[in-house]
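Trainee: Just dropping this structure here.
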Number of protein chains: 2
Amino acid sequence: MADIPARTELKVTTGPIRGSRKIHVEGPNGLRVAMREIDLEPSSGEPPLRVYDCSGPYTDPKAAIDIMAGLPELRRDWIRGRGDVEEVPQREVKPEDNGQLGPDRSGGVQPFPNVRRDVLRARAGANVTQMHYARRGIVTPEMEYVAIRENLGRAQRAEAAARDGQDFGAAIPDFVTPEFVRDEVARGRAIIPSNINHPESEPMAIGRNFLVKINANIGNSAVASDVASEVDKMVWAIRWGADTVMDLSTGRNIHDTREWIIRNSPVPIGTVPIYQALEKVGGVAEDLTWEIYRDTLIEQAEQGVDYFTIHAGVRLPYIPMTAKRVTGIVSRGGSIMAKWCLAHHKESFLYTRFEEICEIMKAYDIAFSLGDGLRPGSIADANDEAQFAELATLGELTEIAWRHDVQVMIEGPGHVPMHKIKANMDKQLEACGEAPFYTLGPLTTDIAPGYDHITSAIGAAMIGWFGTAMLCYVTPKEHLGLPDRDDVKVGVVTYKLAAHAADLAKGHPAAKLRDDALSRARFEFRWRDQFHLSLDPDTAERYHDQTLPAEGAKTAHFCSMCGPKFCSMKITQEVRDFAARQNAPADTVLAAGDAEAGMAEMSEKFREKGGEIYLPAAE
Amino acid sequence: MADIPARTELKVTTGPIRGSRKIHVEGPNGLRVAMREIDLEPSSGEPPLRVYDCSGPYTDPKAAIDIMAGLPELRRDWIRGRGDVEEVPQREVKPEDNGQLGPDRSGGVQPFPNVRRDVLRARAGANVTQMHYARRGIVTPEMEYVAIRENLGRAQRAEAAARDGQDFGAAIPDFVTPEFVRDEVARGRAIIPSNINHPESEPMAIGRNFLVKINANIGNSAVASDVASEVDKMVWAIRWGADTVMDLSTGRNIHDTREWIIRNSPVPIGTVPIYQALEKVGGVAEDLTWEIYRDTLIEQAEQGVDYFTIHAGVRLPYIPMTAKRVTGIVSRGGSIMAKWCLAHHKESFLYTRFEEICEIMKAYDIAFSLGDGLRPGSIADANDEAQFAELATLGELTEIAWRHDVQVMIEGPGHVPMHKIKANMDKQLEACGEAPFYTLGPLTTDIAPGYDHITSAIGAAMIGWFGTAMLCYVTPKEHLGLPDRDDVKVGVVTYKLAAHAADLAKGHPAAKLRDDALSRARFEFRWRDQFHLSLDPDTAERYHDQTLPAEGAKTAHFCSMCGPKFCSMKITQEVRDFAARQNAPADTVLAAGDAEAGMAEMSEKFREKGGEIYLPAAE
């Protein structure tokens with residue numbers, strides 16, 4: 001890993017992830033789909049293992065990284081080639097876009113130097129959403145990219161075909177074709193967030209019948225953080241596996257921060273526009289207006305935000321339902337709108353203006369992430385009337401968005417004990433017509449602040465298995481403070497393992513290939529392969545070295561748990577050798593008698609070999 | 001926290017856990033049951049919260065801790081008062097008890113200075129197991145202690161009665177009576193591990209109808225660790241919530257290490273006797289004999305080990321079933337016996353001598369932890385023929401043990417994808433007549449070494465919910481190295497939260513009290529209460545202080561996530577106030593019209609109040 005200084009205050013981590021190579025799989029029409037390949041030791045006799053890769057050019061030694069210039073525009077020609085967009089003069093950036101007091105230029109926060117002048121928008125009457133193309137039978141390059149990306153090693157490996165799981169009614173294909181992607185997007189069962197003003201993004205799909213994805217949240221707050229560290233966190237988060245990143249910045253410099261992030265992000269970026277709108281009115285919720293909000297949507301649409309969290313389901317009649325809750329309304333967007341509704345005793349403008357919002361979304365292909373403003377903030381409030389009343393409204397809004405061919409996903413809780421998790425998934429599938437579910441955790445207990453990445457990973461793995469398409473990560477700092485770089489990594493890796501556990505349980509083809517490769521490496525004491533196949537090779541090797549630092553220990557046929565003298569793995573190799581020489585197939589129960597016979601032979605062979613199972617310590 | 005130096009190389013952590021007090025609840029016949037009480041800020045108007053406490057006298061400022069002398073003998077008079085035990089001359093400690101080369105006295109490893117001379121054993125013909133008493137209708141002080149301990153705050157709180165969960169057929173009572181404990185032990189659905197030679201232990205129950213328990217593993221290995229750090233780890237593990245501790249020491253000083261641990265342990269201690277027996281024959285599995293193994297059982301029985309892991313289910317005919325596995329046999333005990341069986345082409349002496357082992361167990365009241373020597377070591381091997389063939393045998397052995405009134409629990413996997421976890425629980429309940437299940441994890445994926453405390457906490461929480469009585473912890477070092485002090489704490493806290501998530505999902509009475517208390521503290525910005533109510537107050541406060549170190553921030557009505565300017569929690573208090581003034585009950589949906597009316601009133605009140613939701617920054 002190297003640190004590329006753009007300017008003193010802007011550094012990101014680059015270089016390959018330990019033990020793996022960036023590769024590009026060729027597709028039709030010159031498509032080049034980024035993946036990683038993990039090379040295994042020659043002794044394994046196994047081909048390299050292909051893994052899904054969210055890290056973008058930052059892990060490609062051949063790529064020239066220039067934070068000041070931004071990433072190359074992978075999708076530029078695809079977008080323009082469709083002939084349904086036009087260049088429009090960029091909306092004038094106003095001082096209040098960076099907070100009511102204007103940008104804070106202290107601490108080296110500069111505007112992004114390479115702002116694109118050519119802002120795109122759908123031509124009058126055109127609809128540029130992937131859903132619109134899909135419904136007209138058009139397979140876009142974005143869909144082809146997704147198909148190749150999701151297949152990974154499926155084509156390579158026979159085992160991939162073997163299905164073993166419980167998918168709760170999902171429709172996961174053995175092999176993902178571009179046509180399958182198109183059909184899923186057309187039905188609304190999957191989305192490909194892809195703002196035409198974010199051509200730097202590598203297409204990815206969020207849907208129940210694709211690999212489970214994870215999102216990482218970053219962002220300035222009024223009390224901490226700065227642009228440099230947020231750009232660094234974004235690059236750091238995707239390095240470890242974040243499929244999308246949400247910029248939840250508040251306070252000042254919101255516009256500038258977002259520009260830096262989007263121009264340098266190969267993954268879709270999501271935001272909660274109400275946060276910026278609130279800053280524009282000095283934080284006074286009741287001063288929010290449709291006009292200010294609408295202008296903020298345009299501002300962010302032109303910058304290239306791929307999905308908007310919009311809490312349009314927080315309706316006036318639902319607010320009193322939260323009165324008797326233990327933790328009331330915990331969603332910031334939800335409580336902003338609740339306050340607006342109370343102050344004006346009116347229905348939320350996000351709800352009343354929803355069709356107008358759809359018109360904006362389809363002019364840039366921004367996906368809705370319909371926010372759960374009334375999600376439970378504690379175990380006590382899970383699955384209550386307020387939560388499900390809002391969910392029903394999100395279902396209505398999904399139908400409206402779909403009438404406009406606008407892509408939609410639905411946000412979910414929160415804090416939910418294990419026995420109430422499945423009900424959330426089932427109700428969402430029913431209420432929202434299988435639109436992708438995107439949940440925060442859920443946390444399965446409230447008593448472990450400092451460990452909420454774990455309390456929530458339990459719920460996340462389960463709801464991912466039940467059908468949730470994307471899991472929003474939780475870091476160890478949840479409820480306590482702002483995540484730093486280390487917290488971001490722990491949160492991402494924790495959610496990556498939860499998402500993978502879900503893919504395994506769903507019986508996702510080829511998901512098990514990586515587990516099996518790592519288990520074989522473990523069994524054969526290929527320590528380096530074991531490190532490289534893990535989600536976090538650096539940490540795995542560091543932990544191993546804390547007990548056995550010697551370089552030789554990495555090739556030793558033992559580990560520190562049992563020591564060099566005795567190892568349970570070794571004997572299995574002997575059992576295997578003997579069993580191979582028996583008449584009875586190894587995988588059938590032997591009657592005690594047969595066993596005696598078989599074992600007698602085994603025992604002779606064993607003694608011939610010297611009956612030795614000690615292992616040589618590492619030379 | 002203070003560090004009490006016993007001698008330079010023997011230190012343990014003492015002092016109360018931050019924010020809580022040791023208390024002793026009075027029971028019948030002078031019983032004093034240890035618990036912790038967490039005091040809440042006066043502003044909360046809430047009584048102190050009682051929590052289960054495994055930490056023993058080490059967290060009691062009034063207790064005098066002397067590692068050299070060991071703990072007071074809480075159960076001494078109960079044991080002797082039953083009149084069915086006799087003092088016997090202690091078995092002569094042989095050099096090989098500390099490894100074939102005898103004890104290693106370098107590094108300050110001394111024999112425990114205060115070895116009790118009065119070793120107890122059941123009188124001829126007597127049976128001193130809790131199960132034996134239970135089946136004869138006797139309610140022992142151990143059972144009374146457990147009843148009080150399990151009830152915690154149930155009696156105190158009305159909410160305790162409210163049941164909300166899915167218990168999959170468990171029979172959890174609203175209130176635990178001594179008679180209920182007796183009945184559960186008599187049926188074999190719960191065990192109270194309590195060797196008559198470990199009178200220092202505080203009685204605890206392991207059973208599906210009690211709180212889910214966790215175990216922490218410690219122990220020397222041939223390549224690392226020493227007595228001082230193992231005693232320290234034991235005290236450290238119970239401080240954070242380990243209900244039992246297993247000493248898995250190998251190499252030299254096994255006998256001495258165990259003596260130090262048992263004499264200073266208030267929780268039941270488990271071991272795997274085959275490990276020490278193997279050391280006595282220089283690590284040559286095929287040289288093991290029944291006589292050496294039997295002598296080791298007596299040695300450990302006299303020291304006071306409360307439960308033995310015995311891999312009596314690894315039968316000769318099952319061994320070939322592991323030949324085609326990805327990771328073969330991963331249990332050390334299982335592979336030792338597999339090797340012995342192969343070398344002698346004979347059925348395991350643990351199986352053929354099982355009734356003789358029962359005779360020993362009942363003379364000291366040692367519980368069986370029937371080991372799963374053929375548990376899967378990878379996702380690929382989960383729920384296979386070998387695993388379930390052994391489980392069926394463990395069921396047969398359970399019946400035999402129960403004929404001797406010997407307490408039994410059953411060990412379980414290991415590595416299991418989510419969709420195969422429930423089958424493990426269901427098969428165990430059926431095969432083993434509801435004997436308590438004691439599982440390691442299970443890990444739900446193999447691809448995250450360095451994070452296996454998390455991959456396994458997902459499986460542990462689920463199987464705990466389904467009915468597993470005790471969860472064996474996994475630390476971040478699993479598969480990579482030996483856990484250090486920090487790893488032990490992370491492992492214990494992680495498993496504590498998984499066990500609690502399971503109790504919540506089962507609908508355990510009063511389990512939710514702590515979640516609700518913490519959530520109320522969070523909602524009301526009682527930061528210190530939030531820290532003190534958490535499983536790890538030190539880490540929670542440290543994380544908070546990393547962003548907002550100022551002392552004032554701990555009483556501030558805001559957190560670093562949203563900053564002082566806007567907070568979602570505050571508005572709920574307003575919603576609550578307004579709703580309280582409405583006619584319509586707050587927890588019923590208002591028709592839009594009513595809402596308009598209600599909201600109109602709310603909005604007036606709101607403006608009267610100044611429409612202010614900004615929060616004052618901390619003074």
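Residues in the structure tokens are numbered from 1 in each chain, the chains being A, B, ... in the order shown, and ligands are numbered from 1 in the order shown.
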DSSP on the backbone, strand (DSSP E) only: what residues of range 257-336 of chain B does that give? Format it as a PyMOL selection string.
Mentor: chain B and resi 269-271+307-310
Trainee: Give me the residues within 9 Å of Lys280 in chain A as a list in words, counting only C-alpha atoms and dropping any in the same chain fewer than 2 places off.
Mentor: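 Here the answer would be Glu96, Asp97, Asn98, Gly99, Gln100, Leu101, Tyr275, Gln276, Ala277, Leu278, Gly282, Gly283, Leu288 and Ile292 of chain A.
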Trainee: Please dump the current selection as a compact mmCIF listing (two decimals), in the first residue's frame; keep all heavy atoms.
Mentor:
```txt
# COMPACT_ATOMS: atom_id res chain seq x y z
N GLU A 96 -24.49 29.43 0.01
CA GLU A 96 -25.21 28.62 1.00
C GLU A 96 -25.18 27.12 0.67
O GLU A 96 -25.55 26.29 1.51
CB GLU A 96 -26.67 29.09 1.14
CG GLU A 96 -27.49 28.98 -0.13
CD GLU A 96 -27.49 30.29 -0.94
OE1 GLU A 96 -26.45 30.99 -0.91
OE2 GLU A 96 -28.51 30.60 -1.56
N ASP A 97 -24.73 26.79 -0.56
CA ASP A 97 -24.59 25.36 -0.87
C ASP A 97 -23.58 24.72 0.07
O ASP A 97 -23.58 23.51 0.28
CB ASP A 97 -24.12 25.16 -2.32
CG ASP A 97 -25.15 25.68 -3.32
OD1 ASP A 97 -26.29 25.96 -2.90
OD2 ASP A 97 -24.80 25.82 -4.50
N ASN A 98 -22.70 25.54 0.61
CA ASN A 98 -21.71 25.05 1.56
C ASN A 98 -22.06 25.47 2.99
O ASN A 98 -21.19 25.67 3.83
CB ASN A 98 -20.32 25.54 1.18
CG ASN A 98 -19.77 24.76 -0.01
OD1 ASN A 98 -19.64 23.54 0.07
ND2 ASN A 98 -19.50 25.46 -1.10
N GLY A 99 -23.33 25.62 3.24
CA GLY A 99 -23.78 26.01 4.58
C GLY A 99 -24.15 27.48 4.61
O GLY A 99 -23.64 28.28 3.82
N GLN A 100 -25.02 27.86 5.49
CA GLN A 100 -25.55 29.21 5.49
C GLN A 100 -24.45 30.26 5.58
O GLN A 100 -24.56 31.34 5.03
CB GLN A 100 -26.54 29.40 6.64
CG GLN A 100 -27.51 30.55 6.40
CD GLN A 100 -28.45 30.76 7.55
OE1 GLN A 100 -28.08 30.58 8.71
NE2 GLN A 100 -29.68 31.12 7.25
N LEU A 101 -23.36 29.89 6.24
CA LEU A 101 -22.26 30.84 6.38
C LEU A 101 -21.31 30.78 5.19
O LEU A 101 -20.28 31.42 5.18
CB LEU A 101 -21.51 30.56 7.68
CG LEU A 101 -22.37 30.59 8.95
CD1 LEU A 101 -21.55 30.16 10.15
CD2 LEU A 101 -22.97 31.97 9.16
N TYR A 275 -30.62 16.98 4.51
CA TYR A 275 -29.57 17.49 5.40
C TYR A 275 -29.02 18.81 4.87
O TYR A 275 -28.85 19.78 5.60
CB TYR A 275 -28.41 16.50 5.53
CG TYR A 275 -28.72 15.20 6.23
CD1 TYR A 275 -27.75 14.20 6.30
CD2 TYR A 275 -29.96 14.96 6.83
CE1 TYR A 275 -28.00 13.00 6.94
CE2 TYR A 275 -30.21 13.76 7.47
CZ TYR A 275 -29.23 12.78 7.52
OH TYR A 275 -29.48 11.58 8.14
N GLN A 276 -28.72 18.82 3.55
CA GLN A 276 -28.16 20.05 2.98
C GLN A 276 -29.21 21.16 2.94
O GLN A 276 -28.92 22.32 3.25
CB GLN A 276 -27.60 19.82 1.58
CG GLN A 276 -26.91 21.06 1.01
CD GLN A 276 -26.34 20.86 -0.37
OE1 GLN A 276 -26.73 19.94 -1.09
NE2 GLN A 276 -25.42 21.72 -0.76
N ALA A 277 -30.45 20.76 2.61
CA ALA A 277 -31.52 21.77 2.56
C ALA A 277 -31.67 22.43 3.93
O ALA A 277 -31.83 23.65 4.05
CB ALA A 277 -32.83 21.12 2.13
N LEU A 278 -31.55 21.62 4.98
CA LEU A 278 -31.69 22.17 6.33
C LEU A 278 -30.58 23.17 6.63
O LEU A 278 -30.82 24.22 7.24
CB LEU A 278 -31.66 21.03 7.36
CG LEU A 278 -31.93 21.45 8.81
CD1 LEU A 278 -33.41 21.82 8.99
CD2 LEU A 278 -31.56 20.34 9.79
N GLY A 282 -30.34 27.42 7.75
CA GLY A 282 -29.77 27.64 9.08
C GLY A 282 -30.22 26.65 10.13
O GLY A 282 -30.19 26.93 11.32
N GLY A 283 -30.67 25.47 9.67
CA GLY A 283 -31.01 24.43 10.64
C GLY A 283 -32.41 24.56 11.21
O GLY A 283 -32.80 23.80 12.09
N LEU A 288 -37.95 25.20 6.11
CA LEU A 288 -37.76 24.46 4.86
C LEU A 288 -38.93 24.71 3.92
O LEU A 288 -40.07 24.84 4.36
CB LEU A 288 -37.64 22.96 5.14
CG LEU A 288 -36.31 22.46 5.69
CD1 LEU A 288 -36.45 21.04 6.22
CD2 LEU A 288 -35.23 22.53 4.60
N ILE A 292 -36.67 25.33 -1.84
CA ILE A 292 -35.28 25.13 -1.40
C ILE A 292 -34.88 23.66 -1.55
O ILE A 292 -33.80 23.35 -2.03
CB ILE A 292 -35.12 25.58 0.08
CG1 ILE A 292 -35.23 27.10 0.17
CG2 ILE A 292 -33.78 25.10 0.65
CD1 ILE A 292 -35.37 27.61 1.60
```
Trainee: Taking into account only C-alpha atoms, which residue in the set A:Phe112, A:Trp340, A:Tyr145, A:Phe437 is nearest to Asp372 in chain A?
Mentor: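 Checking each candidate against Asp372 in chain A, we get A:Phe437 as the closest.
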Trainee: Could you pull out the residues in range 399-569 of chain A that DSSP calls alpha helix (DSSP H) from the backbone, as number ranges by chain?
Mentor: A: 399-403, 421-431, 452-466, 485-506, 511-523, 527-533, 537-547, 568-569
Trainee: Find the residue from A:Ile458, A:Val330, A:Ile463, A:Ala363 that sits nearest to Ser519 in chain B; use only C-alpha atoms when measuring.
Mentor: A:Val330
